[in-house]
>>> print(open('coords-v6.cif').read())   # mmCIF, C-alpha atoms
data_protein
#
loop_
_atom_site.group_PDB
_atom_site.id
_atom_site.type_symbol
_atom_site.label_atom_id
_atom_site.label_comp_id
_atom_site.auth_asym_id
_atom_site.auth_seq_id
_atom_site.Cartn_x
_atom_site.Cartn_y
_atom_site.Cartn_z
ATOM 1 C CA MET A 9 2.846 61.553 68.786
ATOM 2 C CA SER A 10 0.600 63.394 71.244
ATOM 3 C CA LEU A 11 0.234 62.315 74.858
ATOM 4 C CA VAL A 12 -3.298 61.164 74.110
ATOM 5 C CA GLY A 13 -2.118 59.197 71.096
ATOM 6 C CA SER A 14 0.625 57.606 73.201
ATOM 7 C CA ALA A 15 -1.899 56.729 75.874
ATOM 8 C CA LEU A 16 -4.173 55.074 73.332
ATOM 9 C CA THR A 17 -1.341 53.133 71.772
ATOM 10 C CA ALA A 18 -0.287 51.832 75.163
ATOM 11 C CA ALA A 19 -3.886 50.925 75.981
ATOM 12 C CA VAL A 20 -4.296 48.950 72.749
ATOM 13 C CA VAL A 21 -0.990 47.129 73.195
ATOM 14 C CA ALA A 22 -1.822 46.251 76.800
ATOM 15 C CA THR A 23 -5.170 44.810 75.753
ATOM 16 C CA ALA A 24 -3.679 42.833 72.865
ATOM 17 C CA CYS A 25 -1.050 41.310 75.144
ATOM 18 C CA GLY A 26 -3.619 40.323 77.712
ATOM 19 C CA THR A 27 -2.061 42.505 80.409
ATOM 20 C CA SER A 28 -5.028 44.801 80.907
ATOM 21 C CA GLU A 29 -7.298 43.996 83.833
ATOM 22 C CA VAL A 30 -10.144 46.086 82.419
ATOM 23 C CA THR A 31 -13.050 43.938 81.256
ATOM 24 C CA ASP A 32 -13.855 44.164 77.549
ATOM 25 C CA THR A 33 -17.390 45.447 77.994
ATOM 26 C CA ALA A 34 -18.072 45.278 74.265
ATOM 27 C CA GLY A 35 -18.722 41.585 74.974
ATOM 28 C CA ASP A 36 -20.508 39.872 77.836
ATOM 29 C CA GLY A 37 -18.660 41.497 80.740
ATOM 30 C CA PRO A 38 -20.242 43.671 83.419
ATOM 31 C CA ILE A 39 -21.506 47.122 82.517
ATOM 32 C CA ARG A 40 -18.843 49.685 83.281
ATOM 33 C CA ILE A 41 -19.521 53.394 83.223
ATOM 34 C CA VAL A 42 -16.586 55.784 83.012
ATOM 35 C CA ALA A 43 -17.181 59.428 83.915
ATOM 36 C CA SER A 44 -14.819 62.333 83.382
ATOM 37 C CA THR A 45 -15.226 63.636 86.956
ATOM 38 C CA ASN A 46 -16.704 62.331 90.170
ATOM 39 C CA VAL A 47 -19.617 64.746 89.734
ATOM 40 C CA TRP A 48 -20.819 62.980 86.604
ATOM 41 C CA GLY A 49 -19.772 59.675 88.122
ATOM 42 C CA SER A 50 -22.049 60.253 91.099
ATOM 43 C CA ILE A 51 -24.970 61.092 88.820
ATOM 44 C CA ALA A 52 -24.310 57.969 86.745
ATOM 45 C CA GLY A 53 -24.057 55.858 89.878
ATOM 46 C CA ALA A 54 -27.400 57.136 91.156
ATOM 47 C CA VAL A 55 -29.079 55.946 87.957
ATOM 48 C CA ALA A 56 -27.140 52.692 87.573
ATOM 49 C CA GLY A 57 -27.556 51.577 91.167
ATOM 50 C CA GLU A 58 -26.175 48.105 91.786
ATOM 51 C CA HIS A 59 -26.327 47.076 88.151
ATOM 52 C CA ALA A 60 -23.139 48.727 86.879
ATOM 53 C CA GLU A 61 -19.647 49.670 87.963
ATOM 54 C CA VAL A 62 -18.761 53.372 87.859
ATOM 55 C CA GLU A 63 -15.284 54.845 87.581
ATOM 56 C CA ALA A 64 -14.466 58.562 87.658
ATOM 57 C CA ILE A 65 -11.248 59.637 85.949
ATOM 58 C CA ILE A 66 -10.901 62.876 87.947
ATOM 59 C CA GLU A 67 -11.573 62.837 91.673
ATOM 60 C CA GLU A 68 -8.762 64.955 93.059
ATOM 61 C CA PRO A 69 -9.711 68.580 93.830
ATOM 62 C CA SER A 70 -6.322 69.734 92.544
ATOM 63 C CA ALA A 71 -6.867 68.278 89.056
ATOM 64 C CA ASP A 72 -8.049 70.742 86.409
ATOM 65 C CA PRO A 73 -10.283 69.047 83.804
ATOM 66 C CA HIS A 74 -9.492 71.800 81.283
ATOM 67 C CA SER A 75 -5.827 70.807 81.121
ATOM 68 C CA PHE A 76 -6.039 67.171 82.254
ATOM 69 C CA GLU A 77 -4.140 64.668 80.111
ATOM 70 C CA ALA A 78 -5.318 61.060 80.024
ATOM 71 C CA SER A 79 -2.854 58.414 81.144
ATOM 72 C CA PRO A 80 -2.677 55.057 79.321
ATOM 73 C CA ALA A 81 -4.878 53.577 82.061
ATOM 74 C CA ASP A 82 -7.382 56.422 81.683
ATOM 75 C CA ALA A 83 -7.487 55.960 77.912
ATOM 76 C CA ALA A 84 -8.012 52.231 78.295
ATOM 77 C CA ALA A 85 -10.850 52.788 80.746
ATOM 78 C CA ILE A 86 -12.579 55.232 78.399
ATOM 79 C CA THR A 87 -12.205 53.192 75.219
ATOM 80 C CA GLN A 88 -13.289 49.942 76.882
ATOM 81 C CA ALA A 89 -16.242 51.409 78.788
ATOM 82 C CA SER A 90 -19.815 50.332 78.232
ATOM 83 C CA LEU A 91 -20.817 53.983 78.588
ATOM 84 C CA VAL A 92 -18.893 57.245 78.975
ATOM 85 C CA VAL A 93 -20.513 60.183 80.769
ATOM 86 C CA TYR A 94 -18.864 63.565 80.554
ATOM 87 C CA ASN A 95 -19.410 67.314 80.576
ATOM 88 C CA GLY A 96 -18.253 68.339 77.096
ATOM 89 C CA GLY A 97 -18.112 71.887 75.822
ATOM 90 C CA GLY A 98 -14.332 71.991 76.112
ATOM 91 C CA TYR A 99 -14.378 71.399 79.863
ATOM 92 C CA ASP A 100 -13.062 67.826 79.875
ATOM 93 C CA GLU A 101 -11.610 67.786 76.380
ATOM 94 C CA PHE A 102 -9.374 64.839 77.159
ATOM 95 C CA VAL A 103 -12.449 62.604 76.822
ATOM 96 C CA ASP A 104 -13.156 63.864 73.297
ATOM 97 C CA ASP A 105 -9.478 63.421 72.429
ATOM 98 C CA VAL A 106 -9.468 59.806 73.566
ATOM 99 C CA LEU A 107 -12.805 58.957 71.950
ATOM 100 C CA GLY A 108 -11.777 60.646 68.717
ATOM 101 C CA SER A 109 -8.647 58.519 68.510
ATOM 102 C CA SER A 110 -10.408 55.250 69.303
ATOM 103 C CA SER A 111 -11.456 52.717 66.676
ATOM 104 C CA ARG A 112 -14.372 51.657 68.866
ATOM 105 C CA ASP A 113 -17.669 53.558 68.840
ATOM 106 C CA VAL A 114 -18.196 54.001 72.581
ATOM 107 C CA PRO A 115 -21.704 54.975 73.753
ATOM 108 C CA THR A 116 -21.682 58.373 75.437
ATOM 109 C CA VAL A 117 -23.809 60.849 77.345
ATOM 110 C CA GLU A 118 -22.464 64.377 76.929
ATOM 111 C CA ALA A 119 -24.051 67.058 79.126
ATOM 112 C CA PHE A 120 -23.090 69.848 76.747
ATOM 113 C CA THR A 121 -25.457 68.566 74.073
ATOM 114 C CA LEU A 122 -28.333 69.350 76.455
ATOM 115 C CA ALA A 123 -27.253 72.930 77.133
ATOM 116 C CA GLU A 124 -29.542 75.644 75.815
ATOM 117 C CA ASN A 125 -26.933 77.132 73.489
ATOM 118 C CA ALA A 126 -25.128 73.928 72.631
ATOM 119 C CA ALA A 127 -25.345 74.600 68.893
ATOM 120 C CA ASP A 128 -22.295 76.789 69.361
ATOM 121 C CA THR A 129 -18.945 75.919 70.844
ATOM 122 C CA PRO A 130 -17.868 78.327 73.603
ATOM 123 C CA ASP A 131 -15.595 80.184 71.174
ATOM 124 C CA GLU A 132 -18.320 80.375 68.515
ATOM 125 C CA ALA A 133 -20.868 81.683 70.998
ATOM 126 C CA ALA A 134 -18.477 84.385 72.173
ATOM 127 C CA ALA A 135 -17.652 85.328 68.576
ATOM 128 C CA HIS A 136 -21.331 85.620 67.693
ATOM 129 C CA ASP A 137 -21.963 87.860 70.661
ATOM 130 C CA ASP A 138 -19.016 90.045 69.722
ATOM 131 C CA GLU A 139 -20.623 90.477 66.312
ATOM 132 C CA ASP A 140 -23.959 91.347 67.912
ATOM 133 C CA GLY A 141 -22.405 93.741 70.406
ATOM 134 C CA THR A 142 -24.102 92.093 73.357
ATOM 135 C CA ASP A 143 -21.422 92.442 76.020
ATOM 136 C CA ASP A 144 -22.930 93.396 79.375
ATOM 137 C CA HIS A 145 -21.869 95.963 81.947
ATOM 138 C CA SER A 146 -19.605 93.556 83.811
ATOM 139 C CA GLY A 147 -17.650 92.398 80.799
ATOM 140 C CA HIS A 148 -19.373 89.001 80.640
ATOM 141 C CA VAL A 149 -20.589 87.818 77.278
ATOM 142 C CA HIS A 150 -24.282 87.055 76.936
ATOM 143 C CA GLY A 151 -24.944 83.736 75.235
ATOM 144 C CA ALA A 152 -21.436 82.362 75.599
ATOM 145 C CA ILE A 153 -21.471 78.818 76.936
ATOM 146 C CA ASN A 154 -20.542 78.428 80.570
ATOM 147 C CA GLU A 155 -19.300 74.861 80.755
ATOM 148 C CA HIS A 156 -19.973 74.241 84.462
ATOM 149 C CA LEU A 157 -23.157 72.379 83.623
ATOM 150 C CA TRP A 158 -23.518 70.379 86.834
ATOM 151 C CA TYR A 159 -24.956 73.572 88.377
ATOM 152 C CA ASP A 160 -27.750 73.521 85.754
ATOM 153 C CA THR A 161 -30.438 71.246 87.183
ATOM 154 C CA ASP A 162 -32.316 71.011 83.882
ATOM 155 C CA VAL A 163 -29.216 69.711 82.150
ATOM 156 C CA VAL A 164 -28.452 67.311 85.007
ATOM 157 C CA ALA A 165 -32.000 65.925 84.900
ATOM 158 C CA GLY A 166 -31.601 65.380 81.159
ATOM 159 C CA VAL A 167 -28.265 63.647 81.668
ATOM 160 C CA ALA A 168 -29.802 61.287 84.233
ATOM 161 C CA GLN A 169 -32.585 60.410 81.808
ATOM 162 C CA GLN A 170 -30.154 59.799 78.956
ATOM 163 C CA ILE A 171 -28.040 57.572 81.183
ATOM 164 C CA ALA A 172 -31.166 55.532 82.010
ATOM 165 C CA GLU A 173 -31.984 55.214 78.329
ATOM 166 C CA GLN A 174 -28.454 54.145 77.393
ATOM 167 C CA LEU A 175 -28.257 51.624 80.221
ATOM 168 C CA SER A 176 -31.680 50.239 79.336
ATOM 169 C CA SER A 177 -30.441 49.653 75.802
ATOM 170 C CA LEU A 178 -27.274 47.941 77.054
ATOM 171 C CA ASP A 179 -29.077 45.957 79.743
ATOM 172 C CA PRO A 180 -32.782 45.525 78.906
ATOM 173 C CA ASP A 181 -33.351 43.110 81.801
ATOM 174 C CA ASN A 182 -32.771 45.949 84.271
ATOM 175 C CA ALA A 183 -34.427 48.733 82.285
ATOM 176 C CA GLY A 184 -37.138 49.134 84.900
ATOM 177 C CA ALA A 185 -34.583 49.700 87.635
ATOM 178 C CA TYR A 186 -32.718 52.317 85.605
ATOM 179 C CA GLU A 187 -35.901 54.231 84.835
ATOM 180 C CA ALA A 188 -37.024 54.078 88.467
ATOM 181 C CA ASN A 189 -33.630 55.294 89.666
ATOM 182 C CA ALA A 190 -33.666 58.184 87.196
ATOM 183 C CA GLU A 191 -37.163 59.121 88.342
ATOM 184 C CA ALA A 192 -36.118 59.058 92.005
ATOM 185 C CA PHE A 193 -33.056 61.134 91.164
ATOM 186 C CA GLY A 194 -35.250 63.661 89.357
ATOM 187 C CA ALA A 195 -37.585 63.905 92.343
ATOM 188 C CA ARG A 196 -34.720 64.779 94.669
ATOM 189 C CA LEU A 197 -33.391 67.236 92.120
ATOM 190 C CA ALA A 198 -36.830 68.885 92.116
ATOM 191 C CA ASP A 199 -36.393 69.501 95.851
ATOM 192 C CA VAL A 200 -33.253 71.488 95.021
ATOM 193 C CA ASP A 201 -35.199 73.407 92.380
ATOM 194 C CA ASN A 202 -37.734 74.370 95.048
ATOM 195 C CA VAL A 203 -34.994 75.950 97.152
ATOM 196 C CA ILE A 204 -33.659 77.793 94.095
ATOM 197 C CA ALA A 205 -37.151 79.048 93.271
ATOM 198 C CA ALA A 206 -37.567 80.272 96.840
ATOM 199 C CA ILE A 207 -34.388 82.342 96.526
ATOM 200 C CA ALA A 208 -35.657 83.873 93.283
ATOM 201 C CA ALA A 209 -39.010 84.699 94.881
ATOM 202 C CA SER A 210 -37.623 86.186 98.083
ATOM 203 C CA ALA A 211 -34.677 88.166 96.712
ATOM 204 C CA PRO A 212 -35.104 88.803 92.976
ATOM 205 C CA GLY A 213 -32.098 90.551 91.485
ATOM 206 C CA ALA A 214 -30.036 90.376 94.670
ATOM 207 C CA ARG A 215 -26.441 91.206 93.859
ATOM 208 C CA VAL A 216 -23.672 88.690 94.378
ATOM 209 C CA ALA A 217 -19.981 88.352 93.563
ATOM 210 C CA GLN A 218 -18.060 85.246 92.525
ATOM 211 C CA THR A 219 -14.361 84.508 92.476
ATOM 212 C CA GLU A 220 -15.045 82.821 89.135
ATOM 213 C CA PRO A 221 -18.248 81.949 87.272
ATOM 214 C CA ILE A 222 -18.484 78.302 88.321
ATOM 215 C CA ALA A 223 -21.957 78.600 89.875
ATOM 216 C CA HIS A 224 -23.276 80.646 86.954
ATOM 217 C CA TYR A 225 -26.329 78.459 86.323
ATOM 218 C CA LEU A 226 -27.262 78.334 90.000
ATOM 219 C CA VAL A 227 -26.954 82.103 90.265
ATOM 220 C CA GLU A 228 -28.995 82.581 87.090
ATOM 221 C CA ALA A 229 -31.757 80.169 88.135
ATOM 222 C CA ALA A 230 -31.994 81.838 91.547
ATOM 223 C CA GLY A 231 -32.602 85.202 89.890
ATOM 224 C CA LEU A 232 -29.451 86.706 91.368
ATOM 225 C CA ASP A 233 -27.274 89.351 89.718
ATOM 226 C CA ASP A 234 -23.562 88.608 89.488
ATOM 227 C CA ILE A 235 -21.922 92.030 89.365
ATOM 228 C CA THR A 236 -18.330 90.837 89.622
ATOM 229 C CA PRO A 237 -16.093 92.573 87.071
ATOM 230 C CA GLY A 238 -15.747 90.186 84.159
ATOM 231 C CA GLU A 239 -12.011 90.781 83.979
ATOM 232 C CA PHE A 240 -11.624 89.534 87.549
ATOM 233 C CA GLU A 241 -13.654 86.350 87.055
ATOM 234 C CA ASP A 242 -12.076 85.534 83.702
ATOM 235 C CA ALA A 243 -8.539 85.967 85.023
ATOM 236 C CA VAL A 244 -9.137 83.770 88.075
ATOM 237 C CA GLU A 245 -10.871 81.102 85.984
ATOM 238 C CA ASN A 246 -7.890 80.994 83.612
ATOM 239 C CA GLY A 247 -5.380 80.778 86.454
ATOM 240 C CA ASN A 248 -4.116 84.312 86.019
ATOM 241 C CA ASP A 249 -3.875 87.309 88.327
ATOM 242 C CA PRO A 250 -6.501 89.972 87.609
ATOM 243 C CA SER A 251 -5.310 93.478 86.905
ATOM 244 C CA PRO A 252 -4.831 95.771 89.923
ATOM 245 C CA ALA A 253 -7.875 97.769 88.788
ATOM 246 C CA ALA A 254 -10.084 94.661 88.612
ATOM 247 C CA ILE A 255 -8.891 93.543 92.032
ATOM 248 C CA ALA A 256 -9.586 96.965 93.511
ATOM 249 C CA ASP A 257 -13.060 97.111 91.985
ATOM 250 C CA THR A 258 -13.951 93.669 93.281
ATOM 251 C CA LEU A 259 -12.612 94.392 96.756
ATOM 252 C CA THR A 260 -14.764 97.536 96.805
ATOM 253 C CA LEU A 261 -17.869 95.497 95.946
ATOM 254 C CA VAL A 262 -17.491 93.315 99.015
ATOM 255 C CA GLY A 263 -15.881 95.900 101.283
ATOM 256 C CA ASP A 264 -18.740 98.336 100.763
ATOM 257 C CA LYS A 265 -21.331 95.523 101.014
ATOM 258 C CA ARG A 266 -22.647 96.163 97.528
ATOM 259 C CA VAL A 267 -23.245 92.419 97.273
ATOM 260 C CA ARG A 268 -25.166 90.106 99.553
ATOM 261 C CA VAL A 269 -22.961 87.080 99.058
ATOM 262 C CA LEU A 270 -19.486 86.121 97.874
ATOM 263 C CA ILE A 271 -19.521 82.779 96.046
ATOM 264 C CA TYR A 272 -16.087 81.304 96.530
ATOM 265 C CA ASN A 273 -14.385 78.413 94.723
ATOM 266 C CA ILE A 274 -12.296 76.756 97.423
ATOM 267 C CA GLN A 275 -10.453 74.545 94.914
ATOM 268 C CA THR A 276 -8.689 77.368 93.102
ATOM 269 C CA GLU A 277 -7.746 79.559 96.041
ATOM 270 C CA SER A 278 -4.963 82.091 95.498
ATOM 271 C CA SER A 279 -3.672 85.049 97.456
ATOM 272 C CA VAL A 280 -5.986 87.276 95.409
ATOM 273 C CA THR A 281 -9.130 85.260 96.157
ATOM 274 C CA ALA A 282 -8.095 84.694 99.778
ATOM 275 C CA ASN A 283 -7.774 88.460 100.248
ATOM 276 C CA LEU A 284 -11.203 88.907 98.716
ATOM 277 C CA ARG A 285 -12.673 86.384 101.145
ATOM 278 C CA THR A 286 -11.031 88.156 104.062
ATOM 279 C CA ALA A 287 -12.492 91.464 102.891
ATOM 280 C CA ALA A 288 -15.951 89.915 102.608
ATOM 281 C CA GLU A 289 -15.808 88.365 106.053
ATOM 282 C CA SER A 290 -14.545 91.615 107.561
ATOM 283 C CA ALA A 291 -17.461 93.469 105.962
ATOM 284 C CA GLY A 292 -20.003 90.901 107.129
ATOM 285 C CA VAL A 293 -20.711 89.553 103.642
ATOM 286 C CA PRO A 294 -21.507 85.803 103.841
ATOM 287 C CA VAL A 295 -19.240 83.455 101.886
ATOM 288 C CA VAL A 296 -20.738 80.458 100.079
ATOM 289 C CA GLU A 297 -18.194 77.815 99.115
ATOM 290 C CA VAL A 298 -18.458 76.013 95.772
ATOM 291 C CA THR A 299 -16.354 73.331 94.095
ATOM 292 C CA GLU A 300 -15.786 71.667 90.725
ATOM 293 C CA THR A 301 -15.435 68.133 92.070
ATOM 294 C CA LEU A 302 -17.245 66.461 94.926
ATOM 295 C CA PRO A 303 -15.758 66.402 98.414
ATOM 296 C CA GLU A 304 -14.788 62.972 99.664
ATOM 297 C CA ASP A 305 -17.642 60.657 100.700
ATOM 298 C CA THR A 306 -20.345 62.961 99.322
ATOM 299 C CA ASP A 307 -22.778 62.249 96.512
ATOM 300 C CA TYR A 308 -23.924 64.821 93.973
ATOM 301 C CA LEU A 309 -27.435 65.402 95.309
ATOM 302 C CA THR A 310 -26.296 65.779 98.923
ATOM 303 C CA TRP A 311 -23.582 68.208 97.845
ATOM 304 C CA LEU A 312 -25.802 70.296 95.567
ATOM 305 C CA SER A 313 -28.581 70.406 98.169
ATOM 306 C CA ALA A 314 -26.133 71.666 100.806
ATOM 307 C CA THR A 315 -24.635 74.243 98.444
ATOM 308 C CA THR A 316 -28.041 75.551 97.393
ATOM 309 C CA GLN A 317 -29.290 75.769 100.983
ATOM 310 C CA SER A 318 -26.095 77.581 101.965
ATOM 311 C CA LEU A 319 -26.771 80.120 99.213
ATOM 312 C CA ALA A 320 -30.381 80.532 100.351
ATOM 313 C CA ASP A 321 -29.320 81.089 103.963
ATOM 314 C CA ALA A 322 -26.645 83.590 102.944
ATOM 315 C CA VAL A 323 -29.013 85.616 100.770
ATOM 316 C CA ALA A 324 -31.651 85.630 103.512
ATOM 317 C CA ALA A 325 -29.099 86.832 106.069
ATOM 318 C CA ASN A 326 -28.710 90.147 104.259
#
>>> encode(input="coords-v6.cif", output="C-alpha cells")
Amino acid sequence: MSLVGSALTAAVVATACGTSEVTDTAGDGPIRIVASTNVWGSIAGAVAGEHAEVEAIIEEPSADPHSFEASPADAAAITQASLVVYNGGGYDEFVDDVLGSSSRDVPTVEAFTLAENAADTPDEAAAHDDEDGTDDHSGHVHGAINEHLWYDTDVVAGVAQQIAEQLSSLDPDNAGAYEANAEAFGARLADVDNVIAAIAASAPGARVAQTEPIAHYLVEAAGLDDITPGEFEDAVENGNDPSPAAIADTLTLVGDKRVRVLIYNIQTESSVTANLRTAAESAGVPVVEVTETLPEDTDYLTWLSATTQSLADAVAAN
C-alpha cells in the first residue's frame, strides 16, 4: 500500500473510532478550509475572513510540495475539509493523491485550472512544444506550464473569486461578506498589478537572471527577459547541480552585468546558487529574493507587494 493509501486508511479508522478531533464538516460543523501551502491558505483566509477556519498543510520553508507526502493527519484534514484550495499542475500532487483515494467528493479550488494553458499537463505541454520545435534560445520551452501560479496575479484573482463562490454556496448567510472580501482582495491585487505595469513601461525587455524559474509569471508580466541558461534553471529547480558549462555561462551573465537583476530563491540555496549571488553582488547586480512559501507572520498580499516593489527598485537601479 502506498504512503498516501496508508494515510487515508489511518484517517478513516481514526474517524470511525471517534479518535479524530477534526470536525466532520460534511455536516453542521464550522467551515474548514484546507490549503496545500500557506500561500494558498493566506489567499483563502483573506476571502473567508472570520467566517471559516483555515489550515495550511505546508508552512515550513524546507518542505518541497513536489515531493511532499501526506501524513495520516494531513489526509484526514483534506478529506474532511469543507473546501480544499491548492495549486495543482503537479506542484502539490499529494492533494490530488489524497482526494483521488477518498470516497467523499470534497469541494475544491485548483489554481491550475485557471492557468492559460491548463488544457495540457506540464508534460503534455512540453511534448507538444517539442513537436512544434518551439524551444527558445535559453533552452526554456514555450507553452510549457510553469506551476508557480501564485506569481500570476490573474490566476490568483480568479482563485479568490472561486473561493468566494464556493464559500457562498456552503454558507449562503455570509455570501455577502465573502464577495466583499474577494472584491477587497482584488483591489489590493490591482495595486500590485500597477507596480508590475510600471516596470514593463519603464524597462521593457530588461534582462534578468533567476536561480530557478519560480517568479516566471512576475517576470513575464513585467515585460522582463529571463536570459538564464535553461539548463541551469532546470537543474536547480530539480535539486541537481548544473553542468560546469551552465554554471560558467550563468556566472558570466552576472559577472559581466549582462543582466539588471538576479532573482534568487532563498529557500533552495546551494553552494552553486550562493556563489552566483556572491558574483552578482560583487558586480553590483541587485539581488531580489523570492520564496515558495510565505515568511512567518506575513500574508500573501503584503509579501507579494514587497517582492514586486523590490523588483521594481532593482530594475530602476540599473
>>> atom_distance(input="coords-v6.cif", atom1="CA of Ala119 (chain A)", atom2="CA of Ala209 (chain A)")
28.0 Å
>>> resolve_selection(input="coords-v6.cif", expression="the PyMOL selection byres ((chain A and resi 259) around 12)", output="JSON, numbers by chain")
{"A": [217, 218, 219, 236, 237, 240, 250, 252, 253, 254, 255, 256, 257, 258, 260, 261, 262, 263, 264, 265, 266, 267, 270, 280, 281, 282, 283, 284, 285, 286, 287, 288, 289, 290, 291, 293]}
>>> write_last_selection(input="coords-v6.cif", atoms="C-alpha atoms", output="compact mmCIF listing (two decimals), in the frame of the given file")
# COMPACT_ATOMS: atom_id res chain seq x y z
CA ALA A 217 -19.98 88.35 93.56
CA GLN A 218 -18.06 85.25 92.52
CA THR A 219 -14.36 84.51 92.48
CA THR A 236 -18.33 90.84 89.62
CA PRO A 237 -16.09 92.57 87.07
CA PHE A 240 -11.62 89.53 87.55
CA PRO A 250 -6.50 89.97 87.61
CA PRO A 252 -4.83 95.77 89.92
CA ALA A 253 -7.88 97.77 88.79
CA ALA A 254 -10.08 94.66 88.61
CA ILE A 255 -8.89 93.54 92.03
CA ALA A 256 -9.59 96.96 93.51
CA ASP A 257 -13.06 97.11 91.98
CA THR A 258 -13.95 93.67 93.28
CA THR A 260 -14.76 97.54 96.80
CA LEU A 261 -17.87 95.50 95.95
CA VAL A 262 -17.49 93.32 99.02
CA GLY A 263 -15.88 95.90 101.28
CA ASP A 264 -18.74 98.34 100.76
CA LYS A 265 -21.33 95.52 101.01
CA ARG A 266 -22.65 96.16 97.53
CA VAL A 267 -23.24 92.42 97.27
CA LEU A 270 -19.49 86.12 97.87
CA VAL A 280 -5.99 87.28 95.41
CA THR A 281 -9.13 85.26 96.16
CA ALA A 282 -8.10 84.69 99.78
CA ASN A 283 -7.77 88.46 100.25
CA LEU A 284 -11.20 88.91 98.72
CA ARG A 285 -12.67 86.38 101.14
CA THR A 286 -11.03 88.16 104.06
CA ALA A 287 -12.49 91.46 102.89
CA ALA A 288 -15.95 89.92 102.61
CA GLU A 289 -15.81 88.36 106.05
CA SER A 290 -14.54 91.62 107.56
CA ALA A 291 -17.46 93.47 105.96
CA VAL A 293 -20.71 89.55 103.64
>>> residues_around(input="coords-v6.cif", residues="region 96-106 of chain A", least_positions_apart="4", cutoff="7 Å", atoms="all atoms listed in the file", output="list in words")
Val12, Ser44, Pro73, His74, Phe76, Glu77, Ala78, Ala83, Ser110, Glu118, Ala119, Phe120, Thr129, Pro130 and Glu155 of chain A
>>> closest_atom_pairs(input="coords-v6.cif", of="region 284-315 of chain A", to="region 47-57 of chain A", cutoff="9 Å", atoms="all atoms listed in the file", output="JSON lines")
{"residue": "A:Glu300", "atom": "CA", "partner": "A:Val47", "partner_atom": "CA", "distance": 8.0}
{"residue": "A:Thr301", "atom": "CA", "partner": "A:Val47", "partner_atom": "CA", "distance": 5.9}
{"residue": "A:Leu302", "atom": "CA", "partner": "A:Val47", "partner_atom": "CA", "distance": 6.0}
{"residue": "A:Thr306", "atom": "CA", "partner": "A:Ser50", "partner_atom": "CA", "distance": 8.8}
{"residue": "A:Asp307", "atom": "CA", "partner": "A:Ser50", "partner_atom": "CA", "distance": 5.8}
{"residue": "A:Tyr308", "atom": "CA", "partner": "A:Ser50", "partner_atom": "CA", "distance": 5.7}
{"residue": "A:Leu309", "atom": "CA", "partner": "A:Ile51", "partner_atom": "CA", "distance": 8.2}
>>> atom_distance(input="coords-v6.cif", atom1="CA of Asp162 (chain A)", atom2="CA of Ala71 (chain A)")
26.1 Å
>>> axis_aligned_box(input="coords-v6.cif", around="region 285-291 of chain A", padding_each_side="6 Å", output="AutoDock Vina command-line options")
--center_x -14.2 --center_y 89.9 --center_z 104.4 --size_x 18.4 --size_y 19.1 --size_z 18.4
>>> closest_residue(input="coords-v6.cif", among="A:Gln169, A:Thr161, A:Asn95, A:Ser210", to="Leu197 (chain A)", atoms="all atoms listed in the file")
A:Thr161
>>> atom_distance(input="coords-v6.cif", atom1="CA of Leu91 (chain A)", atom2="CA of Asn46 (chain A)")
14.9 Å
>>> closest_residue(input="coords-v6.cif", among="A:Ile271, A:Val203, A:Ile65, A:Ile171", to="Pro115 (chain A)", atoms="all atoms listed in the file")
A:Ile171
>>> closest_residue(input="coords-v6.cif", among="A:Ala198, A:Ala89, A:Ala211, A:Ile153", to="Val323 (chain A)", atoms="all atoms listed in the file")
A:Ala211
>>> resolve_selection(input="coords-v6.cif", expression="the PyMOL selection byres ((chain A and resi 174) around 12)", output="MDAnalysis selection string")
chainID A and resid 39 41 52 55:56 90:93 114:118 167:173 175:180 182:183 186:187 190
>>> write_last_selection(input="coords-v6.cif", atoms="C-alpha atoms", output="mmCIF file, in the coordinates of the input")
data_model
loop_
_atom_site.group_PDB
_atom_site.id
_atom_site.type_symbol
_atom_site.label_atom_id
_atom_site.label_comp_id
_atom_site.auth_asym_id
_atom_site.auth_seq_id
_atom_site.Cartn_x
_atom_site.Cartn_y
_atom_site.Cartn_z
ATOM 1 C CA ILE A 39 -21.506 47.122 82.517
ATOM 2 C CA ILE A 41 -19.521 53.394 83.223
ATOM 3 C CA ALA A 52 -24.310 57.969 86.745
ATOM 4 C CA VAL A 55 -29.079 55.946 87.957
ATOM 5 C CA ALA A 56 -27.140 52.692 87.573
ATOM 6 C CA SER A 90 -19.815 50.332 78.232
ATOM 7 C CA LEU A 91 -20.817 53.983 78.588
ATOM 8 C CA VAL A 92 -18.893 57.245 78.975
ATOM 9 C CA VAL A 93 -20.513 60.183 80.769
ATOM 10 C CA VAL A 114 -18.196 54.001 72.581
ATOM 11 C CA PRO A 115 -21.704 54.975 73.753
ATOM 12 C CA THR A 116 -21.682 58.373 75.437
ATOM 13 C CA VAL A 117 -23.809 60.849 77.345
ATOM 14 C CA GLU A 118 -22.464 64.377 76.929
ATOM 15 C CA VAL A 167 -28.265 63.647 81.668
ATOM 16 C CA ALA A 168 -29.802 61.287 84.233
ATOM 17 C CA GLN A 169 -32.585 60.410 81.808
ATOM 18 C CA GLN A 170 -30.154 59.799 78.956
ATOM 19 C CA ILE A 171 -28.040 57.572 81.183
ATOM 20 C CA ALA A 172 -31.166 55.532 82.010
ATOM 21 C CA GLU A 173 -31.984 55.214 78.329
ATOM 22 C CA LEU A 175 -28.257 51.624 80.221
ATOM 23 C CA SER A 176 -31.680 50.239 79.336
ATOM 24 C CA SER A 177 -30.441 49.653 75.802
ATOM 25 C CA LEU A 178 -27.274 47.941 77.054
ATOM 26 C CA ASP A 179 -29.077 45.957 79.743
ATOM 27 C CA PRO A 180 -32.782 45.525 78.906
ATOM 28 C CA ASN A 182 -32.771 45.949 84.271
ATOM 29 C CA ALA A 183 -34.427 48.733 82.285
ATOM 30 C CA TYR A 186 -32.718 52.317 85.605
ATOM 31 C CA GLU A 187 -35.901 54.231 84.835
ATOM 32 C CA ALA A 190 -33.666 58.184 87.196
#
